[in-house]
file input12.cif (mmCIF, C-alpha atoms)
data_protein
loop_
_atom_site.label_atom_id
_atom_site.label_comp_id
_atom_site.auth_asym_id
_atom_site.auth_seq_id
_atom_site.Cartn_x
_atom_site.Cartn_y
_atom_site.Cartn_z
CA MET H 1 119.47 108.07 145.84
CA THR H 2 121.81 110.57 147.44
CA ASP H 3 121.06 112.13 150.81
CA LYS H 4 119.79 115.25 149.08
CA LYS H 5 116.38 114.75 147.54
CA PRO H 6 115.90 115.82 143.91
CA VAL H 7 113.81 118.99 143.68
CA LEU H 8 110.53 118.50 141.80
CA PHE H 9 108.68 121.64 140.69
CA TYR H 10 105.01 121.41 139.67
CA ALA H 11 103.24 124.32 137.98
CA VAL H 12 99.50 124.49 137.37
CA LYS H 13 97.06 127.33 136.83
CA ARG H 14 93.84 126.05 138.37
CA LEU H 15 94.48 123.86 141.38
CA SER H 16 90.97 122.51 141.74
CA GLY H 17 88.81 119.62 140.57
CA GLY H 18 90.52 116.55 139.17
CA ILE H 19 93.97 118.14 138.85
CA LEU H 20 93.89 118.99 142.56
CA THR H 21 93.09 115.38 143.47
CA PHE H 22 95.77 114.16 141.09
CA LEU H 23 98.50 116.42 142.49
CA THR H 24 97.47 115.78 146.08
CA ASP H 25 97.75 112.02 145.68
CA LEU H 26 100.96 112.16 143.65
CA SER H 27 102.75 114.73 145.82
CA ASN H 28 101.83 113.11 149.12
CA ARG H 29 103.25 109.80 147.91
CA LEU H 30 106.41 111.17 146.26
CA ILE H 31 107.35 113.54 149.10
CA GLU H 32 109.43 110.80 150.74
CA THR H 33 111.67 110.73 147.67
CA TYR H 34 111.51 114.27 146.27
CA ASP H 35 111.59 117.82 147.57
CA ILE H 36 108.32 119.07 146.03
CA SER H 37 107.14 122.62 145.30
CA ILE H 38 103.85 123.57 143.64
CA ALA H 39 103.10 126.90 141.94
CA PHE H 40 99.44 127.68 141.25
CA TYR H 41 96.96 130.48 140.66
CA PRO H 42 94.58 130.89 143.65
CA ASP H 43 91.17 131.56 142.10
CA SER H 44 87.61 131.35 143.40
CA GLU H 45 87.50 127.58 142.83
CA THR H 46 90.61 126.84 144.87
CA PRO H 47 89.51 125.20 148.16
CA GLN H 48 90.13 127.42 151.17
CA GLN H 49 91.64 124.50 153.08
CA ILE H 50 94.01 123.59 150.25
CA ARG H 51 97.13 123.75 152.44
CA THR H 52 95.73 120.99 154.67
CA LEU H 53 95.26 118.63 151.72
CA PHE H 54 98.99 118.34 151.10
CA ASP H 55 101.75 116.89 153.23
CA PRO H 56 103.24 119.82 155.23
CA ARG H 57 106.59 119.16 153.55
CA VAL H 58 105.14 120.15 150.15
CA LYS H 59 105.95 123.80 149.49
CA MET H 60 103.20 125.85 147.87
CA TYR H 61 103.51 129.17 146.02
CA SER H 62 100.77 131.47 144.72
CA VAL H 63 101.48 132.84 141.25
CA THR H 64 99.14 135.80 141.27
CA SER H 65 99.98 136.90 137.74
CA PHE H 66 98.77 133.60 136.31
CA GLU H 67 95.68 134.44 134.30
CA SER H 68 92.99 131.79 134.70
CA ASP H 69 90.99 132.21 131.51
CA GLY H 70 93.22 130.09 129.29
CA ASN H 71 92.77 132.47 126.36
CA PRO H 72 94.70 130.92 123.45
CA LEU H 73 95.14 134.33 121.80
CA THR H 74 97.41 135.65 124.54
CA ASP H 75 100.41 134.32 126.42
CA GLY H 76 98.87 135.30 129.75
CA GLY H 77 100.87 136.15 132.84
CA GLY H 78 102.92 134.12 135.25
CA GLY H 79 106.14 133.73 133.25
CA THR H 80 108.15 136.20 135.29
CA GLU H 81 107.00 134.73 138.59
CA LEU H 82 107.67 131.17 137.45
CA LYS H 83 111.18 132.11 136.37
CA ALA H 84 111.84 133.81 139.70
CA LEU H 85 110.55 130.79 141.61
CA CYS H 86 112.81 128.45 139.69
CA GLU H 87 115.81 130.66 140.36
CA GLU H 88 114.94 130.40 144.05
CA ILE H 89 114.07 126.70 144.14
CA HIS H 90 116.66 125.33 141.68
CA PRO H 91 114.53 122.39 140.55
CA ASP H 92 115.97 119.20 139.10
CA ILE H 93 112.70 118.50 137.27
CA ILE H 94 109.87 120.77 136.10
CA HIS H 95 106.44 119.26 135.46
CA LEU H 96 103.71 121.46 133.95
CA HIS H 97 100.05 120.52 134.37
CA GLY H 98 97.16 121.66 132.20
CA PHE H 99 97.09 123.89 129.13
CA GLY H 100 97.63 127.20 130.96
CA ALA H 101 100.85 126.24 132.75
CA GLY H 102 101.94 124.14 129.79
CA ARG H 103 101.57 127.02 127.34
CA ILE H 104 103.63 129.44 129.42
CA GLY H 105 106.07 126.99 130.96
CA ARG H 106 107.11 125.26 127.75
CA LYS H 107 108.18 128.64 126.38
CA ILE H 108 110.10 130.01 129.34
CA PHE H 109 111.75 126.71 130.30
CA ALA H 110 112.58 125.59 126.74
CA ASN H 111 116.30 126.09 127.45
CA ALA H 112 116.29 125.43 131.18
CA GLY H 113 118.90 122.70 130.88
CA ILE H 114 116.86 120.33 133.07
CA PRO H 115 114.11 117.81 132.29
CA VAL H 116 110.74 119.46 131.59
CA PHE H 117 107.48 117.50 131.40
CA TYR H 118 103.92 118.44 130.45
CA THR H 119 100.65 116.67 131.20
CA PRO H 120 97.60 118.11 129.36
CA HIS H 121 94.92 116.51 131.59
CA GLY H 122 92.60 116.68 128.57
CA TYR H 123 93.59 118.43 125.35
CA LEU H 124 91.44 121.52 124.81
CA PHE H 125 91.28 120.96 121.06
CA LEU H 126 89.08 117.95 121.85
CA ALA H 127 86.54 120.09 123.73
CA GLU H 128 83.15 119.70 122.09
CA ASP H 129 81.98 123.15 123.16
CA HIS H 130 84.64 124.86 121.03
CA ASN H 131 84.02 125.73 117.40
CA ARG H 132 86.24 124.44 114.59
CA ILE H 133 88.40 127.58 114.50
CA THR H 134 89.08 127.52 118.25
CA LYS H 135 89.86 123.81 118.19
CA SER H 136 92.27 124.35 115.32
CA MET H 137 93.96 127.15 117.27
CA TYR H 138 94.45 124.98 120.36
CA ARG H 139 95.78 122.14 118.21
CA ARG H 140 98.27 124.45 116.47
CA ILE H 141 99.51 125.78 119.82
CA GLU H 142 100.02 122.25 121.14
CA LYS H 143 101.79 121.19 117.94
CA ASN H 144 104.19 124.13 118.08
CA LEU H 145 104.94 123.79 121.79
CA ALA H 146 105.55 120.05 121.43
CA LYS H 147 108.68 121.01 119.48
CA THR H 148 110.23 122.54 122.60
CA ASN H 149 112.57 120.68 124.93
CA CYS H 150 109.72 119.08 126.85
CA VAL H 151 108.31 115.56 127.09
CA THR H 152 104.55 115.06 127.25
CA ILE H 153 103.28 112.57 129.84
CA ALA H 154 99.71 111.72 128.86
CA CYS H 155 97.27 110.51 131.52
CA SER H 156 95.21 108.19 129.30
CA ARG H 157 95.50 106.08 126.15
CA SER H 158 93.50 108.59 124.10
CA GLU H 159 95.60 111.50 125.29
CA TYR H 160 98.73 109.49 124.50
CA ALA H 161 97.55 108.82 120.95
CA GLU H 162 96.99 112.55 120.45
CA ALA H 163 100.37 113.41 121.97
CA LEU H 164 102.17 111.04 119.61
CA ALA H 165 100.79 113.04 116.69
CA PHE H 166 102.90 115.95 117.95
CA SER H 167 105.98 114.19 119.30
CA ASP H 168 107.32 110.63 119.23
CA THR H 169 108.94 111.17 122.65
CA ALA H 170 105.56 111.24 124.45
CA VAL H 171 104.87 108.66 127.15
CA TYR H 172 101.85 107.90 129.28
CA VAL H 173 100.91 106.95 132.81
CA ASN H 174 97.32 106.13 133.66
CA ASN H 175 95.68 108.15 136.41
CA GLY H 176 95.03 106.15 139.55
CA ILE H 177 92.99 106.31 142.74
CA ASN H 178 93.67 105.48 146.38
CA THR H 179 91.62 102.31 146.75
CA GLU H 180 92.81 101.66 150.32
CA SER H 181 91.44 105.00 151.52
CA ILE H 182 88.16 104.38 149.72
CA ASP H 183 87.83 100.92 151.30
CA GLN H 184 88.44 102.34 154.76
CA LEU H 185 85.95 105.15 154.24
CA LEU H 186 83.26 102.82 152.94
CA GLN H 187 83.70 100.53 155.95
CA GLU H 188 82.98 103.51 158.20
CA THR H 189 79.99 104.75 156.16
CA ALA H 190 76.46 103.52 156.78
CA ILE H 191 74.37 103.68 153.59
CA PRO H 192 70.82 104.83 154.43
CA ASP H 193 67.73 103.80 152.52
CA HIS H 194 67.28 106.18 149.63
CA PRO H 195 65.38 106.64 146.38
CA LEU H 196 67.14 105.91 143.10
CA THR H 197 69.95 108.48 143.08
CA VAL H 198 72.10 109.61 140.18
CA TYR H 199 75.17 111.74 140.84
CA THR H 200 78.17 113.41 139.33
CA SER H 201 81.11 115.19 140.94
CA GLY H 202 83.37 118.10 140.09
CA LEU H 203 83.33 121.69 138.88
CA ILE H 204 80.05 122.99 137.46
CA ASN H 205 81.72 124.51 134.43
CA PRO H 206 81.55 124.32 130.62
CA GLN H 207 83.73 121.21 130.47
CA LYS H 208 81.31 119.19 132.61
CA ASN H 209 78.29 120.25 130.52
CA PRO H 210 75.74 120.96 133.28
CA ALA H 211 73.07 121.76 130.65
CA LEU H 212 73.05 118.11 129.58
CA PHE H 213 73.01 116.95 133.20
CA ASN H 214 70.00 119.17 133.78
CA GLU H 215 68.21 117.85 130.68
CA ILE H 216 68.61 114.29 131.94
CA ALA H 217 67.30 115.24 135.39
CA MET H 218 64.30 117.02 133.90
CA ALA H 219 63.45 113.89 131.93
CA MET H 220 63.43 111.75 135.13
CA PRO H 221 61.46 113.71 137.75
CA ASP H 222 61.04 110.67 140.01
CA VAL H 223 64.81 110.20 140.34
CA GLN H 224 67.04 112.13 142.76
CA PHE H 225 70.00 113.85 141.06
CA VAL H 226 73.02 115.14 143.00
CA TRP H 227 75.94 117.28 141.84
CA ILE H 228 78.80 116.97 144.32
CA GLY H 229 80.71 120.22 143.89
CA ASP H 230 80.06 123.76 142.76
CA GLY H 231 81.07 126.22 140.08
CA GLU H 232 80.35 129.13 137.84
CA MET H 233 77.51 127.42 135.92
CA ARG H 234 75.38 126.17 138.81
CA TYR H 235 72.58 128.35 137.41
CA LYS H 236 72.22 125.74 134.65
CA LEU H 237 70.97 123.17 137.15
CA THR H 238 67.31 124.16 137.36
CA ALA H 239 65.65 120.74 137.66
CA PRO H 240 63.72 120.61 140.96
CA ASN H 241 64.96 117.07 141.63
CA THR H 242 68.63 118.18 141.61
CA LYS H 243 70.68 118.87 144.72
CA ILE H 244 73.98 120.79 144.63
CA THR H 245 76.15 119.95 147.64
CA GLY H 246 78.73 122.70 147.25
CA TRP H 247 82.40 121.93 147.79
CA LEU H 248 83.02 119.13 150.26
CA PRO H 249 86.20 117.59 151.70
CA TRP H 250 87.17 114.44 149.80
CA GLU H 251 85.91 112.18 152.57
CA GLU H 252 82.49 113.84 152.67
CA ALA H 253 82.24 113.80 148.88
CA LEU H 254 82.93 110.06 148.85
CA LYS H 255 80.27 109.47 151.49
CA GLN H 256 77.75 111.32 149.32
CA ALA H 257 78.81 109.21 146.34
CA ALA H 258 78.52 106.00 148.35
CA SER H 259 74.86 106.78 149.01
CA ALA H 260 74.06 107.04 145.30
CA ASP H 261 73.40 104.34 142.71
CA VAL H 262 74.42 105.63 139.28
CA PHE H 263 77.31 107.91 138.29
CA ILE H 264 76.97 110.01 135.15
CA LEU H 265 79.60 112.14 133.47
CA THR H 266 78.23 114.50 130.84
CA SER H 267 81.59 116.09 129.99
CA LEU H 268 82.49 117.67 126.68
CA TRP H 269 86.10 116.54 127.13
CA GLU H 270 88.21 114.74 129.74
CA GLY H 271 91.74 113.63 130.55
CA LEU H 272 91.22 110.49 132.62
CA PRO H 273 88.59 111.43 135.23
CA LEU H 274 89.38 110.39 138.78
CA THR H 275 85.75 110.74 139.84
CA LEU H 276 84.85 108.13 137.24
CA LEU H 277 87.56 105.78 138.51
CA GLU H 278 86.23 106.19 142.05
CA ALA H 279 82.67 105.45 140.94
CA MET H 280 83.78 102.35 139.04
CA TYR H 281 85.63 101.10 142.11
CA MET H 282 82.63 101.78 144.39
CA ASN H 283 80.38 99.53 142.30
CA LYS H 284 78.30 102.30 140.73
CA LEU H 285 76.81 101.93 137.28
CA CYS H 286 78.80 104.45 135.21
CA VAL H 287 77.25 106.28 132.26
CA VAL H 288 79.43 108.72 130.33
CA SER H 289 79.41 110.96 127.30
CA ASN H 290 81.22 109.80 124.18
CA VAL H 291 84.49 111.70 124.67
CA ALA H 292 88.16 110.78 124.95
CA GLY H 293 89.22 109.94 128.49
CA SER H 294 85.80 108.74 129.60
CA LYS H 295 85.56 106.14 126.85
CA ASP H 296 89.09 104.97 127.67
CA LEU H 297 87.57 103.63 130.88
CA ILE H 298 84.02 102.77 129.88
CA VAL H 299 83.47 100.27 127.10
CA ASN H 300 79.82 100.49 126.08
CA GLY H 301 77.91 97.44 127.28
CA GLU H 302 80.95 95.96 129.05
CA THR H 303 81.98 98.31 131.88
CA GLY H 304 79.12 100.82 131.63
CA PHE H 305 77.38 102.88 128.99
CA VAL H 306 78.73 105.48 126.54
CA CYS H 307 76.06 107.94 125.39
CA ASN H 308 75.59 110.50 122.63
CA SER H 309 72.35 112.10 123.84
CA ALA H 310 70.21 112.83 126.87
CA ALA H 311 67.81 110.08 125.76
CA ALA H 312 70.66 107.57 125.80
CA PHE H 313 71.60 108.60 129.35
CA VAL H 314 67.98 108.18 130.44
CA ASN H 315 67.78 104.75 128.85
CA ALA H 316 71.01 103.66 130.58
CA ILE H 317 69.67 104.72 133.98
CA HIS H 318 66.53 102.68 133.27
CA GLN H 319 68.83 99.70 132.70
CA PHE H 320 69.91 100.01 136.35
CA ARG H 321 66.27 99.96 137.41
CA GLU H 322 65.74 96.73 135.52
CA ASN H 323 68.60 95.06 137.45
CA ASN H 324 70.51 93.80 134.42
CA VAL H 325 73.80 95.67 134.83
CA SER H 326 75.56 93.66 137.55
CA ASP H 327 78.15 92.26 135.12
CA LEU H 328 79.00 95.77 133.89
CA ILE H 329 79.48 97.00 137.44
CA LYS H 330 81.69 94.03 138.32
CA ASN H 331 83.80 94.43 135.18
CA ALA H 332 84.31 98.14 135.86
CA ARG H 333 85.61 97.55 139.36
CA GLU H 334 87.99 94.84 138.16
CA GLU H 335 89.37 97.20 135.51
CA VAL H 336 90.27 99.76 138.19
CA VAL H 337 91.88 97.18 140.48
CA GLU H 338 94.04 95.84 137.66
CA ASN H 339 95.13 99.06 135.99
CA TYR H 340 94.21 102.29 137.79
CA THR H 341 95.46 102.32 141.39
CA ILE H 342 97.44 105.16 142.96
CA GLU H 343 100.33 102.74 143.52
CA LYS H 344 100.65 102.06 139.78
CA MET H 345 100.38 105.76 138.97
CA VAL H 346 103.07 106.80 141.46
CA GLN H 347 105.40 104.03 140.28
CA GLY H 348 104.94 105.22 136.71
CA TYR H 349 105.82 108.85 137.41
CA ASP H 350 108.68 107.93 139.72
CA ALA H 351 110.19 105.73 137.00
CA ILE H 352 110.00 108.57 134.47
CA TYR H 353 111.55 111.07 136.88
CA ARG H 354 114.33 108.68 137.88
CA LYS H 355 115.18 107.98 134.25
CA ALA H 356 115.30 111.71 133.51
CA LEU H 357 117.68 112.20 136.44
CA GLY H 358 119.88 109.34 135.28
CA ARG H 359 119.18 107.37 138.45
#

call {"tool": "encode", "arguments": {"input": "input12.cif", "output": "structure tokens"}}
result
Amino acid sequence: MTDKKPVLFYAVKRLSGGILTFLTDLSNRLIETYDISIAFYPDSETPQQIRTLFDPRVKMYSVTSFESDGNPLTDGGGGTELKALCEEIHPDIIHLHGFGAGRIGRKIFANAGIPVFYTPHGYLFLAEDHNRITKSMYRRIEKNLAKTNCVTIACSRSEYAEALAFSDTAVYVNNGINTESIDQLLQETAIPDHPLTVYTSGLINPQKNPALFNEIAMAMPDVQFVWIGDGEMRYKLTAPNTKITGWLPWEEALKQAASADVFILTSLWEGLPLTLLEAMYMNKLCVVSNVAGSKDLIVNGETGFVCNSAAAFVNAIHQFRENNVSDLIKNAREEVVENYTIEKMVQGYDAIYRKALGR
């Protein structure tokens, strides 16, 4: 490396949920090697304390013209601001995260003359809440934009397989979690006696399918259900045995998770969910919906349960009650330790960036 750090420019529309955790972990580790700037759209789901989550050396820019609805029928805003930022920052690498930034950025930076990368964090054409026409539209957009001068970095095996259908230059790096921080936090956390508790974590939005979560909770009135997070669809969580914590700092969210027994993920689509990786590492029984991303991590009957209905989720939770899931829990933790640590993730991205820079 030369004395001058390469300039790494990240662009993302919604800096919240799993993408926020991902970029926080990645940026805070890479800041020793790269000069990092992040452009994002500050919406209602962006944590108020977001600046404190990142190393103070990470530069952050609000792109107020970024539309946050992800409407595939329009190009949305943000292009002019992103161009202006790049003229100011002079990045050596541009990395776009999520469909919104990827859709705009791959167009305006197609001829930037520098390496451009895109990570979908869950292709929207796989979303089960979209109809066939909408899915086809998202797929066509991704196919067309994959022809631009941009390399897709998938975050899971399933996402990689989809990316290869569009471009043979795609690569992939598994998401990873900070196991050292989790270990330290768990050592400092006393677990109180509690009833059987089932939890999930993240945005309460269409992707996470709160209606299914609520149906499962309604079917098990003697079990405590907890949603760690908040979001636009909290009104869907009507079961009286469900608690919504609201947004919590990462440390507090992990403490809540540590006090639970079973993690469920009712998502309609996923990239490679960090909350699931954390639950696997913390020895929670993990029960997930049958979607790409989640089933990359959970092999039914081996590292947890993969479900197609509310009844299947309920049955899986009963398996925990019957104390015959210890092998699944052990296998899940071992899978994370071997393949999904933050160290492996950072090494993977650093290697890709270095290669692109010819270093």

call {"tool": "atom_distance", "arguments": {"input": "input12.cif", "atom1": "atom CA of H:Tyr41", "atom2": "atom CA of H:Cys86"}}
result
16.0 Å

call {"tool": "atom_distance", "arguments": {"input": "input12.cif", "atom1": "atom CA of H:Ser294", "atom2": "atom CA of H:Gly122"}}
result
10.5 Å

call {"tool": "residues_around", "arguments": {"input": "input12.cif", "residues": "H:Val7", "least_positions_apart": "2", "cutoff": "12 Å", "atoms": "all atoms listed in the file", "output": "list in words"}}
result
Lys4, Lys5, Phe9, Tyr10, Leu30, Ile31, Glu32, Thr33, Tyr34, Asp35, Ile36, Ser37, Ile38, Val58, Lys59, Cys86, Glu88, Ile89, His90, Pro91, Asp92, Ile93, Ile94, His95, Ile114, Pro115, Tyr353, Arg354 and Leu357 of chain H

call {"tool": "resolve_selection", "arguments": {"input": "input12.cif", "expression": "the PyMOL selection byres ((chain H and resi 12) around 9)", "output": "VMD selection string"}}
result
chain H and resid 10 to 11 13 to 15 19 38 to 41 95 to 102

call {"tool": "residues_around", "arguments": {"input": "input12.cif", "residues": "H:Glu302", "least_positions_apart": "4", "cutoff": "9 Å", "atoms": "all atoms listed in the file", "output": "MDAnalysis selection string"}}
result
chainID H and resid 298 327:329 331:332

call {"tool": "resolve_selection", "arguments": {"input": "input12.cif", "expression": "the PyMOL selection byres ((chain H and resi 49) around 12)", "output": "JSON, numbers by chain"}}
result
{"H": [16, 42, 45, 46, 47, 48, 50, 51, 52, 53, 54, 247, 248, 249, 250]}

call {"tool": "closest_residue", "arguments": {"input": "input12.cif", "among": "H:Ile216, H:Leu254, H:Ala190, H:Leu196", "to": "H:Asn315", "atoms": "all atoms listed in the file"}}
result
H:Ile216

call {"tool": "resolve_selection", "arguments": {"input": "input12.cif", "expression": "the PyMOL selection byres ((chain H and resi 218-226) around 7)", "output": "MDAnalysis selection string"}}
result
chainID H and resid 195:200 214:217 227:228 239 241:244

call {"tool": "atom_distance", "arguments": {"input": "input12.cif", "atom1": "atom CA of H:Cys307", "atom2": "atom CA of H:Asp183"}}
result
29.3 Å
